[in-house]
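Next comes work15.csv, with CSV, C-alpha atoms.
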chain,number,residue,atom,x,y,z
A,1,MET,CA,3.4,13.5,17.9
A,2,ARG,CA,2.1,16.9,17.0
A,3,PHE,CA,-0.1,18.9,14.7
A,4,LEU,CA,1.5,21.3,12.2
A,5,LEU,CA,-0.1,23.7,9.8
A,6,ILE,CA,1.0,22.5,6.4
A,7,PRO,CA,0.0,24.5,3.3
A,8,LEU,CA,-1.7,22.3,0.7
A,9,LEU,CA,-0.3,23.8,-2.5
A,10,GLY,CA,-0.7,22.8,-6.1
A,11,LEU,CA,2.1,20.5,-7.2
A,12,SER,CA,4.5,20.9,-10.1
A,13,LEU,CA,5.1,17.3,-11.1
A,14,MET,CA,8.1,16.7,-13.4
A,15,GLY,CA,7.9,20.4,-14.3
A,16,CYS,CA,4.3,20.1,-15.5
A,17,GLN,CA,1.8,22.7,-14.2
A,18,SER,CA,-1.9,22.7,-14.9
A,19,THR,CA,-2.8,26.0,-16.6
A,20,GLN,CA,-6.5,25.0,-16.6
A,21,GLN,CA,-7.0,25.1,-12.8
A,22,GLN,CA,-6.3,27.8,-10.3
A,23,VAL,CA,-5.5,26.4,-6.9
A,24,THR,CA,-6.0,28.5,-3.9
A,25,GLN,CA,-3.7,27.8,-1.0
A,26,SER,CA,-5.6,26.2,1.9
A,27,VAL,CA,-4.3,25.4,5.4
A,28,LEU,CA,-5.6,22.4,7.3
A,29,PRO,CA,-4.4,21.0,10.6
A,30,ILE,CA,-2.4,18.0,9.2
A,31,PRO,CA,-1.0,15.6,11.8
A,32,PHE,CA,2.7,15.1,11.3
A,33,THR,CA,5.5,13.1,12.7
A,34,GLU,CA,9.1,12.3,11.8
A,35,PRO,CA,9.6,9.7,9.1
A,36,LEU,CA,10.5,6.3,10.4
A,37,GLN,CA,14.2,5.6,10.4
A,38,ALA,CA,15.5,2.2,9.2
A,39,ASP,CA,15.6,-0.2,12.1
A,40,PRO,CA,19.2,-1.0,13.0
A,41,ARG,CA,18.1,-4.5,14.0
A,42,THR,CA,16.9,-5.2,10.4
A,43,GLN,CA,20.2,-4.1,9.0
A,44,ILE,CA,22.1,-6.3,11.4
A,45,GLU,CA,19.8,-9.2,10.4
A,46,ILE,CA,20.6,-8.6,6.7
A,47,ALA,CA,24.3,-8.8,7.5
A,48,ARG,CA,23.8,-12.0,9.5
A,49,TYR,CA,21.9,-13.7,6.7
A,50,SER,CA,24.4,-12.5,4.2
A,51,GLU,CA,27.1,-14.3,6.2
A,52,LEU,CA,25.1,-17.4,6.4
A,53,LEU,CA,24.6,-17.4,2.6
A,54,ASN,CA,28.4,-17.4,2.1
A,55,SER,CA,28.5,-20.7,3.9
A,56,GLN,CA,29.1,-23.8,1.8
A,57,GLU,CA,27.5,-26.1,4.4
A,58,ILE,CA,23.9,-25.1,4.0
A,59,THR,CA,21.5,-27.1,1.9
A,60,ARG,CA,19.7,-25.9,-1.2
A,61,ALA,CA,16.4,-25.5,0.7
A,62,GLN,CA,18.1,-23.6,3.5
A,63,ARG,CA,19.8,-21.3,1.0
A,64,ALA,CA,16.4,-20.6,-0.7
A,65,GLU,CA,14.8,-19.8,2.6
A,66,LEU,CA,17.7,-17.4,3.5
A,67,TYR,CA,17.3,-15.6,0.2
A,68,HIS,CA,13.6,-15.4,0.9
A,69,ILE,CA,14.0,-14.0,4.4
A,70,ARG,CA,16.7,-11.5,3.3
A,71,GLY,CA,14.5,-10.4,0.4
A,72,LYS,CA,11.7,-9.6,2.9
A,73,LEU,CA,14.1,-7.6,5.0
A,74,TYR,CA,15.3,-5.6,2.0
A,75,ASP,CA,11.6,-5.0,1.1
A,76,SER,CA,10.9,-3.7,4.6
A,77,LEU,CA,13.7,-1.1,4.1
A,78,GLY,CA,12.4,0.0,0.7
A,79,GLN,CA,15.2,-1.7,-1.2
A,80,ALA,CA,13.0,-3.0,-4.0
A,81,GLN,CA,15.7,-4.1,-6.5
A,82,LEU,CA,17.7,-6.0,-3.9
A,83,ALA,CA,14.5,-7.7,-2.6
A,84,GLN,CA,13.5,-8.8,-6.1
A,85,ILE,CA,17.0,-10.2,-6.8
A,86,ASP,CA,16.7,-12.3,-3.6
A,87,PHE,CA,13.2,-13.5,-4.3
A,88,ASN,CA,14.2,-14.6,-7.8
A,89,ARG,CA,17.2,-16.4,-6.4
A,90,ALA,CA,15.0,-18.2,-3.8
A,91,LEU,CA,12.6,-19.4,-6.6
A,92,LYS,CA,15.5,-20.7,-8.7
A,93,LEU,CA,16.5,-22.9,-5.8
A,94,GLN,CA,12.9,-23.7,-4.7
A,95,PRO,CA,10.3,-23.1,-7.4
A,96,ASP,CA,7.3,-23.9,-5.1
A,97,MET,CA,7.8,-21.0,-2.7
A,98,ALA,CA,4.4,-19.3,-2.8
A,99,GLU,CA,5.3,-16.2,-0.7
A,100,ALA,CA,8.2,-15.3,-3.0
A,101,TYR,CA,5.8,-15.3,-6.0
A,102,ASN,CA,3.5,-13.0,-4.0
A,103,PHE,CA,6.2,-10.4,-3.4
A,104,LEU,CA,7.4,-10.5,-7.0
A,105,GLY,CA,3.8,-10.0,-8.1
A,106,ILE,CA,3.6,-6.9,-5.9
A,107,HIS,CA,6.8,-5.5,-7.5
A,108,HIS,CA,5.5,-6.2,-11.0
A,109,THR,CA,2.3,-4.3,-10.2
A,110,LEU,CA,4.3,-1.3,-8.9
A,111,ARG,CA,6.1,-1.3,-12.3
A,112,GLN,CA,2.7,-1.6,-14.1
A,113,GLU,CA,3.8,-5.0,-15.5
A,114,PHE,CA,0.3,-6.4,-15.0
A,115,SER,CA,0.5,-9.6,-17.1
A,116,GLU,CA,3.6,-10.6,-15.2
A,117,ALA,CA,1.9,-9.7,-11.9
A,118,TYR,CA,-1.2,-11.8,-12.7
A,119,GLU,CA,1.1,-14.7,-13.5
A,120,ARG,CA,2.9,-14.5,-10.2
A,121,PHE,CA,-0.3,-14.3,-8.1
A,122,ASP,CA,-1.8,-17.1,-10.1
A,123,SER,CA,1.3,-19.2,-9.2
A,124,VAL,CA,0.8,-18.4,-5.6
A,125,LEU,CA,-2.8,-19.6,-5.6
A,126,GLU,CA,-1.9,-22.7,-7.7
A,127,LEU,CA,0.6,-23.6,-5.0
A,128,ASP,CA,-1.6,-22.6,-2.1
A,129,ASP,CA,-5.2,-21.5,-2.7
A,130,SER,CA,-5.6,-20.6,1.0
A,131,TYR,CA,-2.9,-17.9,0.7
A,132,ASP,CA,-5.2,-15.1,1.7
A,133,TYR,CA,-3.2,-12.1,0.7
A,134,ALA,CA,-2.7,-13.3,-2.8
A,135,TYR,CA,-6.4,-12.3,-3.4
A,136,LEU,CA,-5.7,-8.8,-2.0
A,137,ASN,CA,-2.6,-8.3,-4.1
A,138,ARG,CA,-4.0,-9.8,-7.3
A,139,GLY,CA,-7.1,-7.6,-6.7
A,140,ILE,CA,-4.9,-4.6,-6.4
A,141,ALA,CA,-3.1,-5.5,-9.6
A,142,LEU,CA,-6.4,-6.0,-11.4
A,143,TYR,CA,-7.6,-2.6,-10.1
A,144,TYR,CA,-4.6,-0.7,-11.3
A,145,GLY,CA,-4.6,-2.8,-14.5
A,146,SER,CA,-8.0,-1.3,-15.4
A,147,ARG,CA,-9.9,-4.5,-14.7
A,148,PRO,CA,-12.0,-3.5,-11.7
A,149,GLU,CA,-14.8,-6.0,-12.2
A,150,LEU,CA,-12.3,-8.9,-11.7
A,151,ALA,CA,-10.7,-7.0,-8.9
A,152,VAL,CA,-14.1,-6.9,-7.1
A,153,ASP,CA,-14.2,-10.7,-7.2
A,154,ASP,CA,-10.8,-11.0,-5.5
A,155,PHE,CA,-11.6,-8.4,-2.9
A,156,LYS,CA,-14.9,-10.0,-2.1
A,157,ARG,CA,-13.2,-13.3,-1.4
A,158,PHE,CA,-10.5,-11.5,0.6
A,159,LEU,CA,-13.2,-9.8,2.7
A,160,ASP,CA,-15.2,-13.0,3.2
A,161,ASN,CA,-12.3,-14.4,5.1
A,162,ALA,CA,-12.3,-11.5,7.6
A,163,PRO,CA,-15.4,-9.4,7.3
A,164,GLU,CA,-14.4,-7.4,10.5
A,165,ASP,CA,-11.3,-6.1,8.7
A,166,ALA,CA,-11.8,-2.4,7.7
A,167,TYR,CA,-8.9,-2.5,5.3
A,168,ARG,CA,-10.5,-5.3,3.3
A,169,VAL,CA,-13.8,-3.3,3.3
A,170,MET,CA,-11.9,-0.3,2.0
A,171,TRP,CA,-10.2,-2.1,-0.9
A,172,LEU,CA,-13.5,-3.7,-2.0
A,173,TYR,CA,-15.1,-0.3,-2.0
A,174,ILE,CA,-12.3,1.3,-4.0
A,175,ALA,CA,-12.7,-1.4,-6.7
A,176,GLU,CA,-16.5,-1.3,-6.6
A,177,SER,CA,-16.5,2.5,-6.9
A,178,ALA,CA,-14.5,2.1,-10.2
A,179,VAL,CA,-17.4,0.0,-11.5
A,180,ASP,CA,-20.5,1.7,-10.0
A,181,PRO,CA,-20.0,4.5,-7.4
A,182,VAL,CA,-23.6,4.5,-6.1
A,183,ALA,CA,-23.7,0.7,-5.6
A,184,ALA,CA,-20.2,0.9,-4.0
A,185,GLN,CA,-21.5,3.3,-1.4
A,186,ALA,CA,-24.4,1.1,-0.5
A,187,SER,CA,-22.0,-1.9,-0.3
A,188,LEU,CA,-19.7,0.1,2.0
A,189,LEU,CA,-22.5,0.9,4.3
A,190,LYS,CA,-23.6,-2.7,4.5
A,191,ASN,CA,-20.1,-4.0,5.1
A,192,SER,CA,-19.4,-1.4,7.8
A,193,ALA,CA,-21.9,-3.2,10.0
A,194,ALA,CA,-19.4,-5.9,10.8
A,195,LEU,CA,-16.7,-3.5,12.0
A,196,LYS,CA,-15.9,-2.7,15.6
A,197,LYS,CA,-16.4,1.0,16.4
A,198,ASP,CA,-13.4,1.2,18.8
A,199,ILE,CA,-10.8,0.1,16.2
A,200,TRP,CA,-8.8,2.8,14.5
A,201,SER,CA,-9.2,1.4,11.0
A,202,THR,CA,-13.0,1.7,11.3
A,203,GLN,CA,-12.6,5.5,11.1
A,204,LEU,CA,-11.3,5.1,7.5
A,205,VAL,CA,-14.7,3.6,6.6
A,206,GLN,CA,-16.5,6.3,8.6
A,207,LEU,CA,-14.7,9.0,6.6
A,208,TYR,CA,-15.8,7.5,3.4
A,209,LEU,CA,-19.4,7.2,4.6
A,210,ASN,CA,-19.2,10.9,5.6
A,211,GLU,CA,-19.8,10.0,9.2
A,212,LEU,CA,-16.6,11.9,9.9
A,213,ASP,CA,-15.4,14.9,8.1
A,214,GLU,CA,-11.7,15.2,7.2
A,215,THR,CA,-10.9,17.5,10.1
A,216,GLN,CA,-12.5,15.2,12.6
A,217,PHE,CA,-10.8,12.2,11.1
A,218,LEU,CA,-7.3,13.8,11.2
A,219,THR,CA,-7.9,15.1,14.7
A,220,GLN,CA,-8.5,11.5,16.0
A,221,VAL,CA,-5.5,9.8,14.2
A,222,SER,CA,-3.3,10.0,17.3
A,223,LYS,CA,-5.9,8.7,19.8
A,224,GLY,CA,-4.7,5.6,21.6
A,225,VAL,CA,-1.3,5.6,19.9
A,226,GLN,CA,1.5,4.1,22.0
A,227,SER,CA,4.6,4.8,19.9
A,228,GLN,CA,6.1,6.9,17.2
A,229,LYS,CA,6.2,3.9,14.9
A,230,GLU,CA,2.5,3.2,15.4
A,231,TYR,CA,1.7,6.9,14.8
A,232,ALA,CA,3.7,6.9,11.5
A,233,GLU,CA,1.9,3.7,10.4
A,234,ARG,CA,-1.5,5.3,11.1
A,235,LEU,CA,-0.5,8.5,9.2
A,236,CYS,CA,0.6,6.4,6.3
A,237,GLU,CA,-2.8,4.8,6.1
A,238,ALA,CA,-4.7,8.0,6.8
A,239,TYR,CA,-2.9,10.1,4.2
A,240,PHE,CA,-3.3,7.4,1.5
A,241,TYR,CA,-7.1,7.0,1.9
A,242,ILE,CA,-7.6,10.7,2.1
A,243,ALA,CA,-5.6,11.0,-1.1
A,244,LYS,CA,-7.8,8.3,-2.8
A,245,ARG,CA,-10.9,10.2,-1.7
A,246,TYR,CA,-9.6,13.3,-3.4
A,247,ARG,CA,-8.6,11.3,-6.4
A,248,ALA,CA,-12.1,9.9,-6.8
A,249,LYS,CA,-13.4,13.5,-6.7
A,250,GLY,CA,-11.1,14.5,-9.5
A,251,ASN,CA,-8.9,16.7,-7.3
A,252,ASN,CA,-5.5,15.4,-8.4
A,253,LEU,CA,-3.5,18.2,-6.9
A,254,LYS,CA,-4.7,17.6,-3.4
A,255,ALA,CA,-4.5,13.9,-3.9
A,256,ALA,CA,-0.9,14.3,-4.9
A,257,GLU,CA,-0.1,16.3,-1.8
A,258,PHE,CA,-1.5,13.5,0.4
A,259,PHE,CA,0.2,10.7,-1.6
A,260,ARG,CA,3.5,12.6,-1.0
A,261,LEU,CA,2.8,12.7,2.7
A,262,THR,CA,2.2,9.0,2.6
A,263,LEU,CA,5.6,8.4,1.1
A,264,ALA,CA,7.2,10.8,3.7
A,265,THR,CA,6.3,8.4,6.5
A,266,ASN,CA,8.8,5.8,5.3
A,267,VAL,CA,6.5,2.9,6.2
A,268,TYR,CA,7.8,0.9,3.3
A,269,GLU,CA,6.1,-2.4,4.3
A,270,PHE,CA,2.6,-1.0,4.1
A,271,VAL,CA,0.4,-1.5,1.0
A,272,GLU,CA,-0.5,2.2,1.2
A,273,HIS,CA,3.1,3.3,1.0
A,274,LYS,CA,3.9,1.1,-1.9
A,275,TYR,CA,1.0,2.2,-4.0
A,276,ALA,CA,1.2,5.9,-3.2
A,277,ARG,CA,4.2,6.1,-5.5
A,278,LEU,CA,2.3,4.4,-8.3
A,279,GLU,CA,-0.6,6.8,-7.7
A,280,LEU,CA,1.7,9.8,-8.1
A,281,ARG,CA,3.0,8.3,-11.3
A,282,LEU,CA,-0.5,8.0,-12.7
A,283,ILE,CA,-1.4,11.5,-11.7
A,284,ARG,CA,1.8,12.8,-13.4
A,285,GLU,CA,0.9,10.9,-16.6
A,286,GLU,CA,-2.6,12.4,-16.5
A,287,LEU,CA,-1.3,16.0,-16.0
A,288,LEU,CA,1.2,15.5,-18.9
A,289,ALA,CA,-1.6,14.2,-21.1
A,290,ILE,CA,-3.6,17.3,-20.3
A,291,SER,CA,-0.7,19.7,-20.9
A,292,SER,CA,0.1,18.2,-24.3
A,293,SER,CA,-3.5,18.1,-25.5

Target format C-alpha cells, applied to this file:
Amino acid sequence: MRFLLIPLLGLSLMGCQSTQQQVTQSVLPIPFTEPLQADPRTQIEIARYSELLNSQEITRAQRAELYHIRGKLYDSLGQAQLAQIDFNRALKLQPDMAEAYNFLGIHHTLRQEFSEAYERFDSVLELDDSYDYAYLNRGIALYYGSRPELAVDDFKRFLDNAPEDAYRVMWLYIAESAVDPVAAQASLLKNSAALKKDIWSTQLVQLYLNELDETQFLTQVSKGVQSQKEYAERLCEAYFYIAKRYRAKGNNLKAAEFFRLTLATNVYEFVEHKYARLELRLIREELLAISSS
C-alpha cells in the first residue's frame, strides 16, 4: 500500500478528443496498489468442477448446480462469456434457479440489453421475492436504462432491508439525483443517520455530503486495511464513487480517469468494477456525439 502521484490527464477515448474543453494537468495524491491477481485456488476449483461435469454419474440437478457454481467462479475472474454459457446451461437443466437469472440479468445490463435484463430480474423475484439483491440489480438496470423513477422504488426497497448499509444508501442517492438532485441530497443526509461512523463505507456518504473533501477521503482509504486484497477492494469502490461524483458535475474526463482506475484494480466481482466499464462506454458515446455535432 502506498501513495503515488498520478497525473490526471484528459483522455483520448477511441481516438476522440474534445476540442471544446481545455484540460489542465492536475496532480493529486491518488492511493494506488497492484491489481489483484487471479486466485490460483479459484482456477483449481474451476478445473475440479469441470472434471465433475464430465462424469456420467451425476444427476440433472447436480449438473445444473455444478454449472451454476462454475459460472460464478468464471464471473469472479472476469470471464463473462464463459460465465454466461454456464448460467444458461444451468437454467436449461433447472429453470427455477433464481441466482442464475440474477447473474444473467447483470450481464444483460452490462451489454445495455435492458429489456432482457428486466425479464431476468423479474424471473428472480417471481421465483423468490425475498432475493434481496435482485432489487439492487434491477434498480441498476433501470437506472442505466434511463428509468430512474422506477430504479428509486427498487433501491428504496433494497435499503429498507438494511438501512445501515452505506452502499444501499449510495445507490438510492445516485438514482434519486437523476430525478431531483436537491431532493436526493436531502434524502442522503436523512439516510446517513442510520450509518455507523467507524465503518469504511460510511466515508463514501460523507464524501457526497461534503463532510470530507476528496483529498481527505483518499488519504483515509487505507485506514484499518489488513491485506492487499482488502485495499484493492476499497480502492475499487473509492475510485468508482469519485468518478460518479465527477460525472454528475459534468466532468467526463476526470470521471473517465477514475473509472479506468476502478478497472485497474481487477476486482471483477464488485458491482463498481462491473459498471465502470459501462460508464466508460457511455462517456465515449457522449464524446463521439459531441465531436460529430

Test item: residues at most 8 Å from Leu66 of chain A, all atoms listed in the file, excluding those fewer than 3 positions along its chain, as a PyMOL selection string
chain A and resi 49+52-53+62-63+69-70+90

At what distance in Å, to one decimal, does atom CA of Gln203 of chain A lie from atom CA of Glu164 of chain A?
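Interatomic distance, atom CA of Glu164 of chain A to atom CA of Gln203 of chain A: 13.0 Å.
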
So, counting all atoms listed in the file, which residue among A:Arg234, A:Lys196, A:Arg245, A:His68 is closest to Asn210 of chain A?
A:Arg245

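Ranking A:Tyr167, A:Glu176, A:Thr219, A:Cys236 by their shortest atom-to-atom distance to Glu269 of chain A, with all atoms listed in the file included, puts A:Cys236 first.
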
Straight-line distance linking atom CA of Ala178 of chain A with atom CA of Val267 of chain A, stated in Å to one decimal:
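One can read the atom CA of Ala178 of chain A to atom CA of Val267 of chain A distance as 26.7 Å.
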
Please identify all polymer residues within 10 Å of segment 128-140 of chain A, counting all atoms listed in the file, omitting same-chain residues fewer than 2 positions from it, and present them as a ChimeraX atom specification.
/A:96-99,101-103,105-106,109,114,117-126,142-145,147-159,161-162,168,171-172,174-175,271,275

May I ask for the distance between atom CA of Leu253 of chain A and atom CA of Glu272 of chain A, given in Å to one decimal place?
18.2 Å

Selected residue, from A:Arg281, A:Lys249, A:His108, A:Lys223, that lies nearest to Pro181 of chain A when counting all atoms listed in the file:
A:Lys249

Can you list, as a ChimeraX atom specification, every protein, DNA or RNA residue that comes within 9 Å of segment 276-278 of chain A when you count all atoms listed in the file, leaving out same-chain residues fewer than 2 positions away?
/A:109-112,240,243,256,258-260,262-263,271-274,280-283
